Every structure is written in C-alpha cells, then in structure tokens.
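Here's final_7.cif, which has mmCIF, N, CA and C atoms:
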data_protein
loop_
_atom_site.label_atom_id
_atom_site.label_comp_id
_atom_site.auth_asym_id
_atom_site.auth_seq_id
_atom_site.Cartn_x
_atom_site.Cartn_y
_atom_site.Cartn_z
N MET H 1 95.89 -6.29 31.39
CA MET H 1 94.81 -5.57 32.03
C MET H 1 94.09 -4.71 31.01
N ALA H 2 92.78 -4.80 30.98
CA ALA H 2 92.00 -3.98 30.06
C ALA H 2 91.99 -2.54 30.56
N ARG H 3 92.16 -1.63 29.64
CA ARG H 3 92.14 -0.23 30.02
C ARG H 3 90.70 0.23 30.17
N GLN H 4 90.36 0.66 31.35
CA GLN H 4 89.00 1.07 31.66
C GLN H 4 88.85 2.58 31.53
N GLY H 5 87.75 3.03 30.93
CA GLY H 5 87.41 4.44 30.89
C GLY H 5 88.22 5.29 29.96
N MET H 6 88.90 4.70 28.98
CA MET H 6 89.75 5.50 28.09
C MET H 6 88.96 6.62 27.40
N GLY H 7 87.69 6.38 27.12
CA GLY H 7 86.86 7.42 26.49
C GLY H 7 86.60 8.61 27.39
N GLU H 8 86.88 8.44 28.67
CA GLU H 8 86.66 9.50 29.67
C GLU H 8 87.92 10.30 29.99
N LEU H 9 89.03 9.96 29.35
CA LEU H 9 90.30 10.64 29.61
C LEU H 9 90.19 12.10 29.21
N ARG H 10 90.52 12.99 30.14
CA ARG H 10 90.40 14.43 29.92
C ARG H 10 91.63 15.17 30.46
N THR H 11 91.83 16.38 29.99
CA THR H 11 92.90 17.22 30.53
C THR H 11 92.55 17.59 31.98
N ASP H 12 93.55 17.92 32.73
CA ASP H 12 93.47 18.32 34.15
C ASP H 12 93.18 17.17 35.11
N MET H 13 93.12 15.93 34.63
CA MET H 13 92.95 14.80 35.55
C MET H 13 94.28 14.54 36.25
N GLU H 14 94.22 14.10 37.50
CA GLU H 14 95.41 13.76 38.27
C GLU H 14 95.93 12.40 37.80
N VAL H 15 97.25 12.26 37.69
CA VAL H 15 97.87 11.03 37.21
C VAL H 15 98.69 10.40 38.33
N TYR H 16 98.50 9.08 38.50
CA TYR H 16 99.20 8.30 39.53
C TYR H 16 99.84 7.07 38.90
N THR H 17 100.93 6.63 39.49
CA THR H 17 101.58 5.39 39.05
C THR H 17 100.84 4.20 39.65
N SER H 18 101.25 2.99 39.25
CA SER H 18 100.61 1.77 39.75
C SER H 18 100.82 1.58 41.25
N ASP H 19 101.86 2.22 41.80
CA ASP H 19 102.10 2.14 43.24
C ASP H 19 101.62 3.40 43.96
N ALA H 20 100.64 4.08 43.36
CA ALA H 20 99.90 5.20 43.96
C ALA H 20 100.74 6.45 44.23
N VAL H 21 101.79 6.68 43.45
CA VAL H 21 102.58 7.90 43.57
C VAL H 21 102.01 8.92 42.59
N HIS H 22 101.75 10.14 43.09
CA HIS H 22 101.21 11.20 42.24
C HIS H 22 102.29 11.66 41.26
N VAL H 23 101.93 11.69 39.97
CA VAL H 23 102.87 12.08 38.90
C VAL H 23 102.66 13.53 38.52
N GLY H 24 101.41 13.92 38.31
CA GLY H 24 101.09 15.26 37.86
C GLY H 24 99.68 15.30 37.30
N ARG H 25 99.45 16.19 36.31
CA ARG H 25 98.13 16.35 35.71
C ARG H 25 98.22 16.16 34.20
N VAL H 26 97.15 15.64 33.62
CA VAL H 26 97.08 15.50 32.17
C VAL H 26 97.03 16.91 31.58
N LYS H 27 98.00 17.20 30.74
CA LYS H 27 98.09 18.52 30.11
C LYS H 27 97.52 18.48 28.69
N GLU H 28 97.80 17.36 27.99
CA GLU H 28 97.35 17.23 26.60
C GLU H 28 97.21 15.75 26.27
N ILE H 29 96.19 15.43 25.48
CA ILE H 29 95.99 14.07 25.00
C ILE H 29 96.26 14.10 23.51
N ARG H 30 97.21 13.26 23.07
CA ARG H 30 97.59 13.23 21.67
C ARG H 30 97.23 11.88 21.09
N GLY H 31 97.57 11.63 19.86
CA GLY H 31 97.23 10.38 19.19
C GLY H 31 97.70 9.13 19.90
N GLY H 32 98.95 9.08 20.32
CA GLY H 32 99.48 7.87 20.92
C GLY H 32 100.04 8.05 22.31
N ASP H 33 99.91 9.27 22.87
CA ASP H 33 100.47 9.51 24.19
C ASP H 33 99.70 10.60 24.93
N VAL H 34 100.07 10.75 26.18
CA VAL H 34 99.48 11.76 27.05
C VAL H 34 100.62 12.61 27.59
N LEU H 35 100.50 13.92 27.45
CA LEU H 35 101.49 14.84 28.01
C LEU H 35 101.09 15.12 29.45
N ILE H 36 102.01 14.84 30.37
CA ILE H 36 101.73 15.03 31.80
C ILE H 36 102.56 16.18 32.33
N ASP H 37 101.87 17.15 32.94
CA ASP H 37 102.50 18.30 33.56
C ASP H 37 102.92 17.90 34.97
N ARG H 38 104.24 17.94 35.21
CA ARG H 38 104.76 17.58 36.53
C ARG H 38 105.28 18.83 37.23
N SER H 39 104.98 18.95 38.48
CA SER H 39 105.41 20.10 39.28
C SER H 39 106.92 20.06 39.48
N GLN H 40 107.59 21.13 39.16
CA GLN H 40 109.02 21.32 39.33
C GLN H 40 109.88 20.26 38.62
N GLN H 41 109.32 19.65 37.57
CA GLN H 41 110.05 18.70 36.74
C GLN H 41 109.61 18.93 35.30
N ARG H 42 110.35 18.35 34.37
CA ARG H 42 109.95 18.44 32.96
C ARG H 42 108.67 17.65 32.73
N ASP H 43 107.84 18.16 31.84
CA ASP H 43 106.66 17.41 31.42
C ASP H 43 107.13 16.13 30.73
N ILE H 44 106.28 15.09 30.76
CA ILE H 44 106.63 13.84 30.09
C ILE H 44 105.49 13.37 29.20
N TYR H 45 105.86 12.66 28.15
CA TYR H 45 104.91 12.07 27.21
C TYR H 45 104.81 10.58 27.54
N VAL H 46 103.70 10.15 28.11
CA VAL H 46 103.51 8.75 28.48
C VAL H 46 102.66 8.07 27.40
N PRO H 47 103.13 6.95 26.87
CA PRO H 47 102.34 6.23 25.85
C PRO H 47 100.97 5.82 26.39
N LEU H 48 99.94 5.96 25.56
CA LEU H 48 98.58 5.60 25.97
C LEU H 48 98.47 4.14 26.41
N GLN H 49 99.33 3.27 25.88
CA GLN H 49 99.30 1.86 26.26
C GLN H 49 99.59 1.66 27.74
N LEU H 50 100.21 2.64 28.39
CA LEU H 50 100.54 2.52 29.80
C LEU H 50 99.50 3.11 30.73
N VAL H 51 98.41 3.61 30.15
CA VAL H 51 97.29 4.08 30.98
C VAL H 51 96.47 2.85 31.35
N GLY H 52 96.46 2.53 32.65
CA GLY H 52 95.75 1.35 33.12
C GLY H 52 94.25 1.56 33.20
N GLN H 53 93.87 2.63 33.86
CA GLN H 53 92.45 2.94 33.94
C GLN H 53 92.24 4.42 34.17
N VAL H 54 91.06 4.86 33.79
CA VAL H 54 90.65 6.25 33.97
C VAL H 54 89.44 6.24 34.88
N LEU H 55 89.49 7.01 35.94
CA LEU H 55 88.39 7.07 36.90
C LEU H 55 87.82 8.49 36.87
N PRO H 56 86.88 8.73 35.93
CA PRO H 56 86.39 10.10 35.74
C PRO H 56 85.70 10.69 36.96
N GLU H 57 85.00 9.87 37.73
CA GLU H 57 84.30 10.38 38.91
C GLU H 57 85.28 10.87 39.98
N GLU H 58 86.52 10.36 39.94
CA GLU H 58 87.55 10.80 40.87
C GLU H 58 88.52 11.79 40.22
N GLY H 59 88.38 12.00 38.90
CA GLY H 59 89.31 12.88 38.19
C GLY H 59 90.72 12.33 38.21
N ARG H 60 90.82 11.00 38.07
CA ARG H 60 92.10 10.31 38.29
C ARG H 60 92.43 9.36 37.14
N VAL H 61 93.73 9.30 36.81
CA VAL H 61 94.25 8.37 35.82
C VAL H 61 95.30 7.52 36.52
N GLU H 62 95.25 6.20 36.31
CA GLU H 62 96.23 5.32 36.91
C GLU H 62 97.05 4.65 35.82
N LEU H 63 98.36 4.78 35.93
CA LEU H 63 99.26 4.18 34.96
C LEU H 63 99.56 2.72 35.34
N GLU H 64 100.05 1.96 34.38
CA GLU H 64 100.39 0.56 34.61
C GLU H 64 101.86 0.35 34.95
N ILE H 65 102.56 1.42 35.29
CA ILE H 65 103.97 1.30 35.67
C ILE H 65 104.19 1.96 37.03
N SER H 66 105.22 1.49 37.70
CA SER H 66 105.56 2.01 39.03
C SER H 66 106.30 3.35 38.90
N ASP H 67 106.43 4.02 40.03
CA ASP H 67 107.16 5.28 40.05
C ASP H 67 108.62 5.06 39.69
N ASP H 68 109.23 3.98 40.18
CA ASP H 68 110.63 3.69 39.83
C ASP H 68 110.82 3.55 38.33
N MET H 69 109.92 2.82 37.69
CA MET H 69 110.01 2.65 36.24
C MET H 69 109.81 3.98 35.53
N LEU H 70 108.87 4.77 35.99
CA LEU H 70 108.59 6.06 35.36
C LEU H 70 109.79 7.00 35.47
N GLN H 71 110.46 6.98 36.61
CA GLN H 71 111.61 7.86 36.82
C GLN H 71 112.80 7.48 35.95
N ASN H 72 112.82 6.26 35.46
CA ASN H 72 113.94 5.79 34.63
C ASN H 72 113.63 5.81 33.14
N THR H 73 112.68 6.61 32.74
CA THR H 73 112.35 6.73 31.32
C THR H 73 112.91 8.03 30.78
N GLU H 74 112.90 8.15 29.47
CA GLU H 74 113.34 9.38 28.81
C GLU H 74 112.22 9.87 27.91
N TRP H 75 111.11 10.21 28.54
CA TRP H 75 109.91 10.62 27.80
C TRP H 75 109.69 12.13 27.80
N GLU H 76 110.76 12.90 27.94
CA GLU H 76 110.60 14.36 27.94
C GLU H 76 110.27 14.92 26.56
N HIS H 77 110.51 14.10 25.52
CA HIS H 77 110.24 14.54 24.15
C HIS H 77 109.22 13.62 23.51
N PRO H 78 108.33 14.16 22.71
CA PRO H 78 107.35 13.30 22.04
C PRO H 78 108.02 12.40 21.00
N PRO H 79 107.41 11.24 20.75
CA PRO H 79 107.97 10.38 19.72
C PRO H 79 107.86 11.04 18.33
N ILE H 80 108.81 10.73 17.48
CA ILE H 80 108.80 11.29 16.13
C ILE H 80 108.10 10.29 15.23
N PHE H 81 107.13 10.79 14.48
CA PHE H 81 106.35 9.92 13.60
C PHE H 81 106.86 10.01 12.19
#
Show me the file's structure as structure tokens.
Amino acid sequence: MARQGMGELRTDMEVYTSDAVHVGRVKEIRGGDVLIDRSQQRDIYVPLQLVGQVLPEEGRVELEISDDMLQNTEWEHPPIF
C-alpha cells in the first residue's frame, strides 16, 4: 500500500491502527519513526514504514498494523543507530 500524505504528517494528529483502534497522538516525528503519546501507557516509537496514510483534513494517521500486533511489540525505546 502506498503511503498517502506523508508530507502532511504533523504532531498532535490522532493515531489509529488498521482496525480503527485509537492508539494516541503523534508526539514527535523523527528520521525513521514516530513517537506516539498513549494515554496511561508508555509512549511508543512506531517505524514510519508502518504509517499507512495521513489524513490531514481529519487530523488522523492510520497505521498498517492491527491493535493486536501493536500491543505485542516492544517499541517503548527508540532504535539505536
């Protein structure tokens, strides 16, 4: 799937999984990942490759993974370069 609207990715956008579960808000955009602020959970660093589309008019980002897959990751720490 082509990533739509990547140039429109901004902080404070709402983030959802591919199965429409709200994840949190974009806190920071880095070189290869996006830091997502999650309510009452640790923030996570999601690789930019998993951003499916950005809908700036809705202030929304949709990931290419489901909530189950997201919950089973260990992205609480940024990758070491």
Completion exercise
What separates atom CA of Pro78 of chain H and atom CA of Glu58 of chain H is a distance of 27.4 Å
Problem - Chain and number of each residue from the PyMOL selection byres ((chain H and resi 21-32) around 6.5), as a PyMOL selection string - result: chain H and resi 10-20+33-39+46-49+67
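Counting all atoms listed in the file and comparing H:Leu63, H:Gln71, H:Glu8, H:His77, the residue that lies closest to Val51 of chain H is H:Leu63.
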Problem - strand (DSSP E or B) residues, from DSSP on the backbone, in chain H, as a ChimeraX atom specification - result: /H:4,14-16,22-29,33-37,44-47,51-55,60-63
Handout entry: Selection: 8 Å around Leu50 of chain H, all atoms listed in the file, excl. self and same-chain fewer than 5 positions, as a ChimeraX atom specification
Key = /H:62-65
Exercise for the section: Please give the complete set of residues from chain H that DSSP, run on the backbone, assigns to helix (DSSP H, G or I), formatted as a VMD selection string. Expected result: chain H and resid 6 to 8 48 to 50 67 to 71
Would you place a box with edges along x, y and z of the file around all atoms of segment 51-67 of chain H listed there, add 8 Å to each of its six sides, and report the centre and edge lengths in Å to one decimal, as AutoDock Vina command-line options?
--center_x 96.5 --center_y 6.6 --center_z 35.5 --size_x 40.3 --size_y 28.5 --size_z 26.7
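The two atoms in question, atom CA of Tyr45 of chain H and atom N of Leu70 of chain H, are spaced 12.1 Å apart.
The two atoms in question, atom CA of Met69 of chain H and atom CA of Ile44 of chain H, are spaced 13.2 Å apart.
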